[in-house]
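What follows is target05.cif (mmCIF, N, CA and C atoms).
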data_final
loop_
_atom_site.label_atom_id
_atom_site.label_comp_id
_atom_site.auth_asym_id
_atom_site.auth_seq_id
_atom_site.Cartn_x
_atom_site.Cartn_y
_atom_site.Cartn_z
N MET A 66 52.68 -26.90 0.72
CA MET A 66 52.38 -26.65 -0.68
C MET A 66 51.32 -27.64 -1.15
N PRO A 67 50.23 -27.14 -1.80
CA PRO A 67 49.17 -28.05 -2.25
C PRO A 67 49.68 -28.98 -3.37
N ASP A 68 49.12 -30.20 -3.39
CA ASP A 68 49.50 -31.12 -4.45
C ASP A 68 48.83 -30.70 -5.76
N GLN A 69 49.23 -31.32 -6.83
CA GLN A 69 48.74 -30.95 -8.18
C GLN A 69 47.23 -31.12 -8.32
N ASP A 70 46.67 -32.19 -7.76
CA ASP A 70 45.23 -32.42 -7.86
C ASP A 70 44.45 -31.33 -7.11
N THR A 71 44.93 -30.96 -5.93
CA THR A 71 44.27 -29.91 -5.14
C THR A 71 44.35 -28.58 -5.88
N LEU A 72 45.50 -28.28 -6.44
CA LEU A 72 45.69 -27.03 -7.19
C LEU A 72 44.80 -27.01 -8.43
N ALA A 73 44.73 -28.11 -9.15
CA ALA A 73 43.88 -28.18 -10.35
C ALA A 73 42.41 -28.02 -9.98
N SER A 74 42.00 -28.64 -8.89
CA SER A 74 40.62 -28.54 -8.44
C SER A 74 40.28 -27.10 -8.04
N ALA A 75 41.19 -26.46 -7.31
CA ALA A 75 40.97 -25.08 -6.88
C ALA A 75 40.93 -24.14 -8.09
N THR A 76 41.77 -24.38 -9.07
CA THR A 76 41.80 -23.56 -10.28
C THR A 76 40.51 -23.70 -11.06
N LEU A 77 40.01 -24.92 -11.18
CA LEU A 77 38.75 -25.15 -11.88
C LEU A 77 37.60 -24.48 -11.13
N LEU A 78 37.58 -24.62 -9.82
CA LEU A 78 36.53 -23.99 -9.01
C LEU A 78 36.58 -22.47 -9.16
N ALA A 79 37.77 -21.89 -9.12
CA ALA A 79 37.91 -20.44 -9.28
C ALA A 79 37.38 -20.01 -10.64
N HIS A 80 37.70 -20.76 -11.68
CA HIS A 80 37.22 -20.43 -13.03
C HIS A 80 35.69 -20.50 -13.09
N GLN A 81 35.11 -21.56 -12.53
CA GLN A 81 33.66 -21.72 -12.58
C GLN A 81 32.94 -20.65 -11.76
N MET A 82 33.50 -20.31 -10.60
CA MET A 82 32.89 -19.26 -9.77
C MET A 82 32.98 -17.91 -10.47
N ASP A 83 34.10 -17.63 -11.10
CA ASP A 83 34.25 -16.38 -11.84
C ASP A 83 33.22 -16.32 -12.98
N ARG A 84 33.08 -17.40 -13.69
CA ARG A 84 32.13 -17.47 -14.80
C ARG A 84 30.70 -17.25 -14.30
N PHE A 85 30.33 -17.93 -13.23
CA PHE A 85 28.99 -17.79 -12.66
C PHE A 85 28.75 -16.36 -12.20
N THR A 86 29.74 -15.78 -11.51
CA THR A 86 29.60 -14.43 -10.99
C THR A 86 29.44 -13.42 -12.13
N ARG A 87 30.22 -13.57 -13.19
CA ARG A 87 30.10 -12.65 -14.32
C ARG A 87 28.74 -12.77 -15.00
N ARG A 88 28.24 -13.99 -15.15
CA ARG A 88 26.92 -14.18 -15.75
C ARG A 88 25.83 -13.59 -14.86
N MET A 89 25.97 -13.79 -13.55
CA MET A 89 25.00 -13.24 -12.61
C MET A 89 25.03 -11.71 -12.66
N GLU A 90 26.22 -11.15 -12.60
CA GLU A 90 26.36 -9.69 -12.61
C GLU A 90 25.79 -9.08 -13.90
N ALA A 91 26.07 -9.71 -15.04
CA ALA A 91 25.56 -9.20 -16.31
C ALA A 91 24.03 -9.26 -16.35
N GLY A 92 23.46 -10.34 -15.85
CA GLY A 92 22.00 -10.47 -15.83
C GLY A 92 21.35 -9.45 -14.92
N ILE A 93 21.94 -9.23 -13.76
CA ILE A 93 21.40 -8.26 -12.82
C ILE A 93 21.52 -6.85 -13.40
N HIS A 94 22.68 -6.54 -13.96
CA HIS A 94 22.90 -5.21 -14.54
C HIS A 94 21.87 -4.93 -15.64
N GLN A 95 21.65 -5.90 -16.49
CA GLN A 95 20.70 -5.73 -17.59
C GLN A 95 19.27 -5.51 -17.07
N ARG A 96 18.86 -6.29 -16.11
CA ARG A 96 17.48 -6.20 -15.61
C ARG A 96 17.28 -5.05 -14.63
N ALA A 97 18.36 -4.56 -14.03
CA ALA A 97 18.23 -3.50 -13.01
C ALA A 97 18.11 -2.12 -13.63
N GLU A 98 18.47 -1.97 -14.87
CA GLU A 98 18.48 -0.64 -15.49
C GLU A 98 17.14 0.09 -15.33
N PRO A 99 16.00 -0.54 -15.58
CA PRO A 99 14.73 0.18 -15.40
C PRO A 99 14.42 0.52 -13.94
N VAL A 100 14.98 -0.25 -13.00
CA VAL A 100 14.74 -0.03 -11.58
C VAL A 100 15.63 1.10 -11.05
N ASP A 101 16.82 1.22 -11.59
CA ASP A 101 17.80 2.19 -11.10
C ASP A 101 17.59 3.57 -11.75
N VAL A 102 16.42 4.14 -11.51
CA VAL A 102 16.06 5.40 -12.15
C VAL A 102 16.90 6.57 -11.64
N ASP A 103 17.42 6.48 -10.41
CA ASP A 103 18.25 7.56 -9.85
C ASP A 103 19.74 7.31 -10.03
N ARG A 104 20.06 6.26 -10.75
CA ARG A 104 21.45 5.91 -11.05
C ARG A 104 22.32 5.78 -9.79
N VAL A 105 21.87 4.90 -8.90
CA VAL A 105 22.71 4.62 -7.73
C VAL A 105 23.87 3.72 -8.12
N GLY A 106 23.74 2.98 -9.22
CA GLY A 106 24.82 2.16 -9.74
C GLY A 106 25.03 0.88 -8.97
N PRO A 107 25.91 0.03 -9.49
CA PRO A 107 26.17 -1.27 -8.85
C PRO A 107 26.69 -1.14 -7.42
N LEU A 108 27.63 -0.22 -7.17
CA LEU A 108 28.17 -0.08 -5.82
C LEU A 108 27.10 0.45 -4.87
N GLY A 109 26.30 1.40 -5.33
CA GLY A 109 25.21 1.91 -4.50
C GLY A 109 24.20 0.83 -4.20
N GLY A 110 23.89 0.01 -5.20
CA GLY A 110 22.97 -1.10 -4.99
C GLY A 110 23.50 -2.10 -3.99
N MET A 111 24.80 -2.41 -4.10
CA MET A 111 25.41 -3.35 -3.14
C MET A 111 25.37 -2.77 -1.74
N ALA A 112 25.63 -1.47 -1.61
CA ALA A 112 25.60 -0.83 -0.29
C ALA A 112 24.20 -0.88 0.31
N LEU A 113 23.18 -0.64 -0.50
CA LEU A 113 21.81 -0.70 0.00
C LEU A 113 21.43 -2.11 0.42
N LEU A 114 21.84 -3.10 -0.36
CA LEU A 114 21.57 -4.50 0.00
C LEU A 114 22.31 -4.87 1.29
N ALA A 115 23.55 -4.42 1.42
CA ALA A 115 24.32 -4.71 2.63
C ALA A 115 23.70 -4.02 3.85
N LEU A 116 23.31 -2.75 3.68
CA LEU A 116 22.70 -2.03 4.79
C LEU A 116 21.41 -2.69 5.22
N HIS A 117 20.66 -3.22 4.27
CA HIS A 117 19.42 -3.92 4.58
C HIS A 117 19.67 -5.08 5.56
N GLU A 118 20.81 -5.73 5.43
CA GLU A 118 21.15 -6.87 6.29
C GLU A 118 21.50 -6.45 7.72
N ILE A 119 22.04 -5.24 7.89
CA ILE A 119 22.60 -4.89 9.20
C ILE A 119 21.98 -3.65 9.84
N GLU A 120 21.02 -3.04 9.20
CA GLU A 120 20.49 -1.76 9.72
C GLU A 120 19.77 -1.93 11.04
N PRO A 121 19.73 -0.88 11.85
CA PRO A 121 20.49 0.37 11.71
C PRO A 121 21.95 0.12 12.04
N ALA A 122 22.82 0.84 11.35
CA ALA A 122 24.25 0.57 11.52
C ALA A 122 25.07 1.83 11.32
N PRO A 123 26.19 1.93 12.03
CA PRO A 123 27.12 3.03 11.77
C PRO A 123 27.88 2.74 10.48
N ILE A 124 28.44 3.76 9.91
CA ILE A 124 29.16 3.59 8.64
C ILE A 124 30.32 2.61 8.78
N GLN A 125 30.93 2.54 9.97
CA GLN A 125 32.05 1.61 10.16
C GLN A 125 31.62 0.16 9.89
N SER A 126 30.41 -0.19 10.25
CA SER A 126 29.92 -1.55 10.00
C SER A 126 29.78 -1.82 8.51
N LEU A 127 29.31 -0.83 7.78
CA LEU A 127 29.17 -0.98 6.34
C LEU A 127 30.54 -1.04 5.66
N VAL A 128 31.47 -0.23 6.14
CA VAL A 128 32.85 -0.26 5.62
C VAL A 128 33.43 -1.65 5.80
N ALA A 129 33.27 -2.23 6.98
CA ALA A 129 33.82 -3.57 7.26
C ALA A 129 33.13 -4.63 6.42
N MET A 130 31.82 -4.53 6.29
CA MET A 130 31.07 -5.54 5.56
C MET A 130 31.40 -5.53 4.06
N MET A 131 31.59 -4.33 3.51
CA MET A 131 31.84 -4.21 2.08
C MET A 131 33.34 -4.16 1.75
N ARG A 132 34.17 -4.06 2.78
CA ARG A 132 35.62 -4.02 2.60
C ARG A 132 36.02 -2.89 1.64
N ARG A 133 35.54 -1.72 1.95
CA ARG A 133 35.82 -0.52 1.17
C ARG A 133 36.46 0.53 2.07
N ASP A 134 37.07 1.51 1.44
CA ASP A 134 37.67 2.63 2.14
C ASP A 134 36.57 3.48 2.78
N LYS A 135 36.83 3.95 4.02
CA LYS A 135 35.81 4.73 4.73
C LYS A 135 35.43 6.00 3.98
N SER A 136 36.39 6.68 3.38
CA SER A 136 36.06 7.92 2.66
C SER A 136 35.20 7.62 1.44
N GLN A 137 35.47 6.52 0.75
CA GLN A 137 34.65 6.12 -0.39
C GLN A 137 33.23 5.80 0.06
N MET A 138 33.09 5.08 1.17
CA MET A 138 31.77 4.73 1.67
C MET A 138 31.03 5.97 2.18
N THR A 139 31.74 6.89 2.78
CA THR A 139 31.11 8.12 3.26
C THR A 139 30.51 8.88 2.08
N ARG A 140 31.28 9.03 1.01
CA ARG A 140 30.76 9.72 -0.19
C ARG A 140 29.56 8.97 -0.78
N LEU A 141 29.65 7.66 -0.80
CA LEU A 141 28.55 6.86 -1.35
C LEU A 141 27.29 7.02 -0.50
N ILE A 142 27.42 6.95 0.80
CA ILE A 142 26.25 7.11 1.68
C ILE A 142 25.67 8.51 1.55
N GLN A 143 26.53 9.52 1.43
CA GLN A 143 26.03 10.89 1.24
C GLN A 143 25.21 10.99 -0.04
N MET A 144 25.68 10.35 -1.12
CA MET A 144 24.95 10.35 -2.38
C MET A 144 23.61 9.63 -2.22
N LEU A 145 23.61 8.48 -1.56
CA LEU A 145 22.38 7.73 -1.36
C LEU A 145 21.41 8.49 -0.46
N GLU A 146 21.94 9.22 0.49
CA GLU A 146 21.11 10.04 1.36
C GLU A 146 20.47 11.19 0.56
N ARG A 147 21.26 11.87 -0.27
CA ARG A 147 20.73 12.96 -1.10
C ARG A 147 19.63 12.48 -2.03
N LYS A 148 19.77 11.25 -2.52
CA LYS A 148 18.78 10.70 -3.45
C LYS A 148 17.59 10.08 -2.74
N GLY A 149 17.62 10.07 -1.41
CA GLY A 149 16.47 9.63 -0.63
C GLY A 149 16.41 8.15 -0.31
N TYR A 150 17.51 7.42 -0.46
CA TYR A 150 17.52 5.98 -0.20
C TYR A 150 17.94 5.63 1.22
N VAL A 151 18.68 6.52 1.87
CA VAL A 151 19.24 6.26 3.19
C VAL A 151 18.90 7.44 4.10
N GLU A 152 18.64 7.12 5.36
CA GLU A 152 18.42 8.14 6.39
C GLU A 152 19.45 7.93 7.49
N ARG A 153 19.87 9.03 8.10
CA ARG A 153 20.79 8.94 9.23
C ARG A 153 20.06 9.41 10.48
N HIS A 154 20.35 8.72 11.56
CA HIS A 154 19.76 9.06 12.86
C HIS A 154 20.85 8.99 13.91
N ALA A 155 20.75 9.83 14.93
CA ALA A 155 21.73 9.80 16.02
C ALA A 155 21.54 8.51 16.82
N CYS A 156 22.64 7.95 17.23
CA CYS A 156 22.62 6.76 18.08
C CYS A 156 22.12 7.18 19.47
N ALA A 157 21.20 6.42 20.02
CA ALA A 157 20.62 6.75 21.34
C ALA A 157 21.64 6.65 22.47
N THR A 158 22.64 5.78 22.31
CA THR A 158 23.60 5.58 23.39
C THR A 158 24.89 6.38 23.21
N ASP A 159 25.15 6.88 21.98
CA ASP A 159 26.36 7.65 21.71
C ASP A 159 26.04 8.72 20.67
N GLY A 160 25.85 9.93 21.12
CA GLY A 160 25.45 11.02 20.23
C GLY A 160 26.47 11.35 19.15
N ARG A 161 27.70 10.87 19.29
CA ARG A 161 28.73 11.12 18.26
C ARG A 161 28.56 10.22 17.06
N VAL A 162 27.76 9.17 17.20
CA VAL A 162 27.61 8.16 16.15
C VAL A 162 26.28 8.34 15.43
N SER A 163 26.36 8.31 14.11
CA SER A 163 25.15 8.31 13.29
C SER A 163 24.86 6.89 12.83
N LEU A 164 23.61 6.50 12.94
CA LEU A 164 23.19 5.19 12.46
C LEU A 164 22.46 5.39 11.14
N MET A 165 22.76 4.54 10.19
CA MET A 165 22.12 4.61 8.89
C MET A 165 21.03 3.55 8.82
N ARG A 166 19.98 3.90 8.12
CA ARG A 166 18.94 2.91 7.82
C ARG A 166 18.33 3.28 6.48
N LEU A 167 17.68 2.30 5.90
CA LEU A 167 17.03 2.54 4.61
C LEU A 167 15.77 3.38 4.81
N SER A 168 15.52 4.26 3.87
CA SER A 168 14.25 4.98 3.83
C SER A 168 13.23 4.06 3.16
N ASP A 169 12.00 4.49 3.09
CA ASP A 169 10.99 3.70 2.36
C ASP A 169 11.42 3.51 0.91
N LYS A 170 11.97 4.55 0.31
CA LYS A 170 12.45 4.47 -1.08
C LYS A 170 13.58 3.43 -1.18
N GLY A 171 14.47 3.43 -0.18
CA GLY A 171 15.56 2.46 -0.16
C GLY A 171 15.04 1.03 -0.01
N ARG A 172 14.02 0.85 0.83
CA ARG A 172 13.42 -0.49 1.00
C ARG A 172 12.75 -0.97 -0.30
N ASP A 173 12.09 -0.05 -0.99
CA ASP A 173 11.47 -0.41 -2.27
C ASP A 173 12.53 -0.83 -3.28
N PHE A 174 13.63 -0.09 -3.31
CA PHE A 174 14.72 -0.42 -4.22
C PHE A 174 15.31 -1.79 -3.89
N VAL A 175 15.56 -2.04 -2.61
CA VAL A 175 16.13 -3.33 -2.19
C VAL A 175 15.17 -4.46 -2.56
N GLY A 176 13.88 -4.28 -2.32
CA GLY A 176 12.90 -5.31 -2.68
C GLY A 176 12.92 -5.61 -4.17
N ALA A 177 12.99 -4.56 -4.99
CA ALA A 177 13.04 -4.75 -6.44
C ALA A 177 14.33 -5.46 -6.85
N MET A 178 15.44 -5.09 -6.23
CA MET A 178 16.72 -5.72 -6.57
C MET A 178 16.75 -7.19 -6.12
N GLN A 179 16.18 -7.48 -4.98
CA GLN A 179 16.13 -8.87 -4.53
C GLN A 179 15.31 -9.73 -5.48
N ALA A 180 14.22 -9.18 -6.00
CA ALA A 180 13.40 -9.91 -6.97
C ALA A 180 14.18 -10.14 -8.26
N ILE A 181 14.90 -9.12 -8.71
CA ILE A 181 15.72 -9.26 -9.93
C ILE A 181 16.80 -10.31 -9.71
N MET A 182 17.48 -10.24 -8.57
CA MET A 182 18.54 -11.22 -8.29
C MET A 182 17.98 -12.63 -8.25
N ALA A 183 16.81 -12.81 -7.66
CA ALA A 183 16.19 -14.14 -7.60
C ALA A 183 15.87 -14.64 -9.00
N ASP A 184 15.36 -13.76 -9.86
CA ASP A 184 15.06 -14.17 -11.23
C ASP A 184 16.31 -14.57 -11.99
N VAL A 185 17.35 -13.77 -11.88
CA VAL A 185 18.60 -14.05 -12.59
C VAL A 185 19.21 -15.36 -12.10
N ILE A 186 19.27 -15.53 -10.79
CA ILE A 186 19.86 -16.76 -10.24
C ILE A 186 18.99 -17.96 -10.59
N GLY A 187 17.68 -17.77 -10.56
CA GLY A 187 16.78 -18.85 -10.99
C GLY A 187 17.06 -19.29 -12.41
N ASP A 188 17.29 -18.32 -13.28
CA ASP A 188 17.62 -18.66 -14.68
C ASP A 188 18.95 -19.40 -14.77
N LEU A 189 19.94 -18.95 -14.01
CA LEU A 189 21.25 -19.59 -14.06
C LEU A 189 21.23 -21.01 -13.50
N LEU A 190 20.33 -21.25 -12.54
CA LEU A 190 20.29 -22.56 -11.89
C LEU A 190 19.28 -23.52 -12.53
N LYS A 191 18.68 -23.13 -13.64
CA LYS A 191 17.70 -24.01 -14.30
C LYS A 191 18.23 -25.41 -14.59
N PRO A 192 19.51 -25.56 -14.95
CA PRO A 192 20.01 -26.92 -15.20
C PRO A 192 20.01 -27.83 -13.98
N LEU A 193 19.91 -27.27 -12.77
CA LEU A 193 19.94 -28.07 -11.55
C LEU A 193 18.53 -28.53 -11.18
N ASP A 194 18.43 -29.75 -10.68
CA ASP A 194 17.14 -30.21 -10.17
C ASP A 194 16.93 -29.63 -8.77
N PRO A 195 15.72 -29.72 -8.23
CA PRO A 195 15.45 -29.12 -6.91
C PRO A 195 16.40 -29.60 -5.81
N GLN A 196 16.75 -30.87 -5.81
CA GLN A 196 17.66 -31.39 -4.78
C GLN A 196 19.05 -30.75 -4.92
N GLU A 197 19.52 -30.60 -6.14
CA GLU A 197 20.83 -29.97 -6.34
C GLU A 197 20.80 -28.50 -5.92
N ARG A 198 19.71 -27.82 -6.19
CA ARG A 198 19.57 -26.42 -5.75
C ARG A 198 19.63 -26.33 -4.22
N GLU A 199 18.94 -27.25 -3.56
CA GLU A 199 18.96 -27.27 -2.10
C GLU A 199 20.37 -27.54 -1.59
N GLN A 200 21.08 -28.47 -2.21
CA GLN A 200 22.45 -28.77 -1.80
C GLN A 200 23.35 -27.54 -1.99
N LEU A 201 23.18 -26.86 -3.11
CA LEU A 201 23.98 -25.66 -3.36
C LEU A 201 23.68 -24.60 -2.31
N THR A 202 22.42 -24.41 -1.99
CA THR A 202 22.03 -23.44 -0.97
C THR A 202 22.68 -23.79 0.37
N GLN A 203 22.64 -25.04 0.74
CA GLN A 203 23.25 -25.46 2.01
C GLN A 203 24.76 -25.24 2.00
N MET A 204 25.42 -25.54 0.89
CA MET A 204 26.86 -25.34 0.81
C MET A 204 27.22 -23.86 0.91
N LEU A 205 26.46 -23.02 0.24
CA LEU A 205 26.74 -21.58 0.27
C LEU A 205 26.52 -21.00 1.66
N GLN A 206 25.57 -21.56 2.41
CA GLN A 206 25.33 -21.09 3.77
C GLN A 206 26.51 -21.39 4.68
N LYS A 207 27.28 -22.42 4.35
CA LYS A 207 28.45 -22.78 5.16
C LYS A 207 29.59 -21.79 4.99
N ILE A 208 29.63 -21.13 3.83
CA ILE A 208 30.79 -20.24 3.59
C ILE A 208 30.38 -18.84 3.67
#

Re-express the file's structure as structure tokens.
Amino acid sequence: MPDQDTLASATLLAHQMDRFTRRMEAGIHQRAEPVDVDRVGPLGGMALLALHEIEPAPIQSLVAMMRRDKSQMTRLIQMLERKGYVERHACATDGRVSLMRLSDKGRDFVGAMQAIMADVIGDLLKPLDPQEREQLTQMLQKI
């Protein structure tokens, strides 16, 4: 059982992370509205950003990465495919498997979202000096 100081520290950290995440999410949502012309929404945007990290990938990889239900992710990918953000291709080594990758439209969307996220996070981190920003980046890379 954690001692009182450890519990208090963890509670404070959880509160601060929740606060930071909500501020980040609100800033991204506000600035992303003009970019999200096809209304892929927050979950669609997260899926495109995740796919960008691992493409080409089968849907199972995206399900594991996003920790979502496979049927939910299948519907989401189908919607993103219909809107032209995702393409499916047969796996060269296993014809039963479809690999997903971003289309050019999907890459443009991801690039725009990454720029928005950088701006929002830059605004949130303004109180930190460059050394503190570097320390935060290094700490986040560990987890």

Expected answer as a VMD selection string: strand (DSSP E) residues in stretch 154-206 of chain A
chain A and resid 154 to 155 163 to 167

Could you spell out the hits of the PyMOL selection byres ((chain A and resi 86-96) around 8) on the shown file, as a PyMOL selection string?
chain A and resi 80-85+97-101+107+181-182+184-186+189

Here atom CA of A:Leu193 and atom C of A:Leu72 stand apart by 25.1 Å

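A straight line drawn from atom C of A:Pro121 to atom CA of A:Ala157 is 11.5 Å long.
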
When you look at A:Met138 with a cut-off of 9 Å (counting only C-alpha atoms), what residues show up, excluding the ones that are within fewer than 6 positions of it in the same chain? I need them as a PyMOL selection string.
chain A and resi 112+124+127-128+131

With all atoms of stretch 123-142 of chain A from the file as input, state the centre and edge lengths in Å to one decimal of the axis-aligned box that has 3 Å extra on each side, as JSON.
{"center_x": 31.7, "center_y": 2.1, "center_z": 5.3, "size_x": 18.0, "size_y": 21.3, "size_z": 19.4}

Once the PyMOL selection byres ((chain A and resi 153) around 6.5) has been applied to the shown file, what residues remain in the selection, as number ranges by chain?
A: 151-152, 154-155, 163-166

Rounded to one decimal in Å, what is the spacing between atom N of A:Val105 and atom CA of A:Gly171?
11.1 Å

Let me know the residues the PyMOL selection byres (((chain A and resi 173 and name CA) around 12) and name CA) catches in the file above, as a ChimeraX atom specification.
/A:100-101,110,113-114,117,149-151,167-172,174-180

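Residue nearest A:Leu116, chosen from A:Ala129, A:Thr71, A:Thr202, A:Arg140 and counting only C-alpha atoms: A:Ala129.
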
Using backbone DSSP assignments, extract all helix (DSSP H, G or I) residues from stretch 101-178 of chain A; output them as a PyMOL selection string.
chain A and resi 106-119+124-131+135-147+169-178
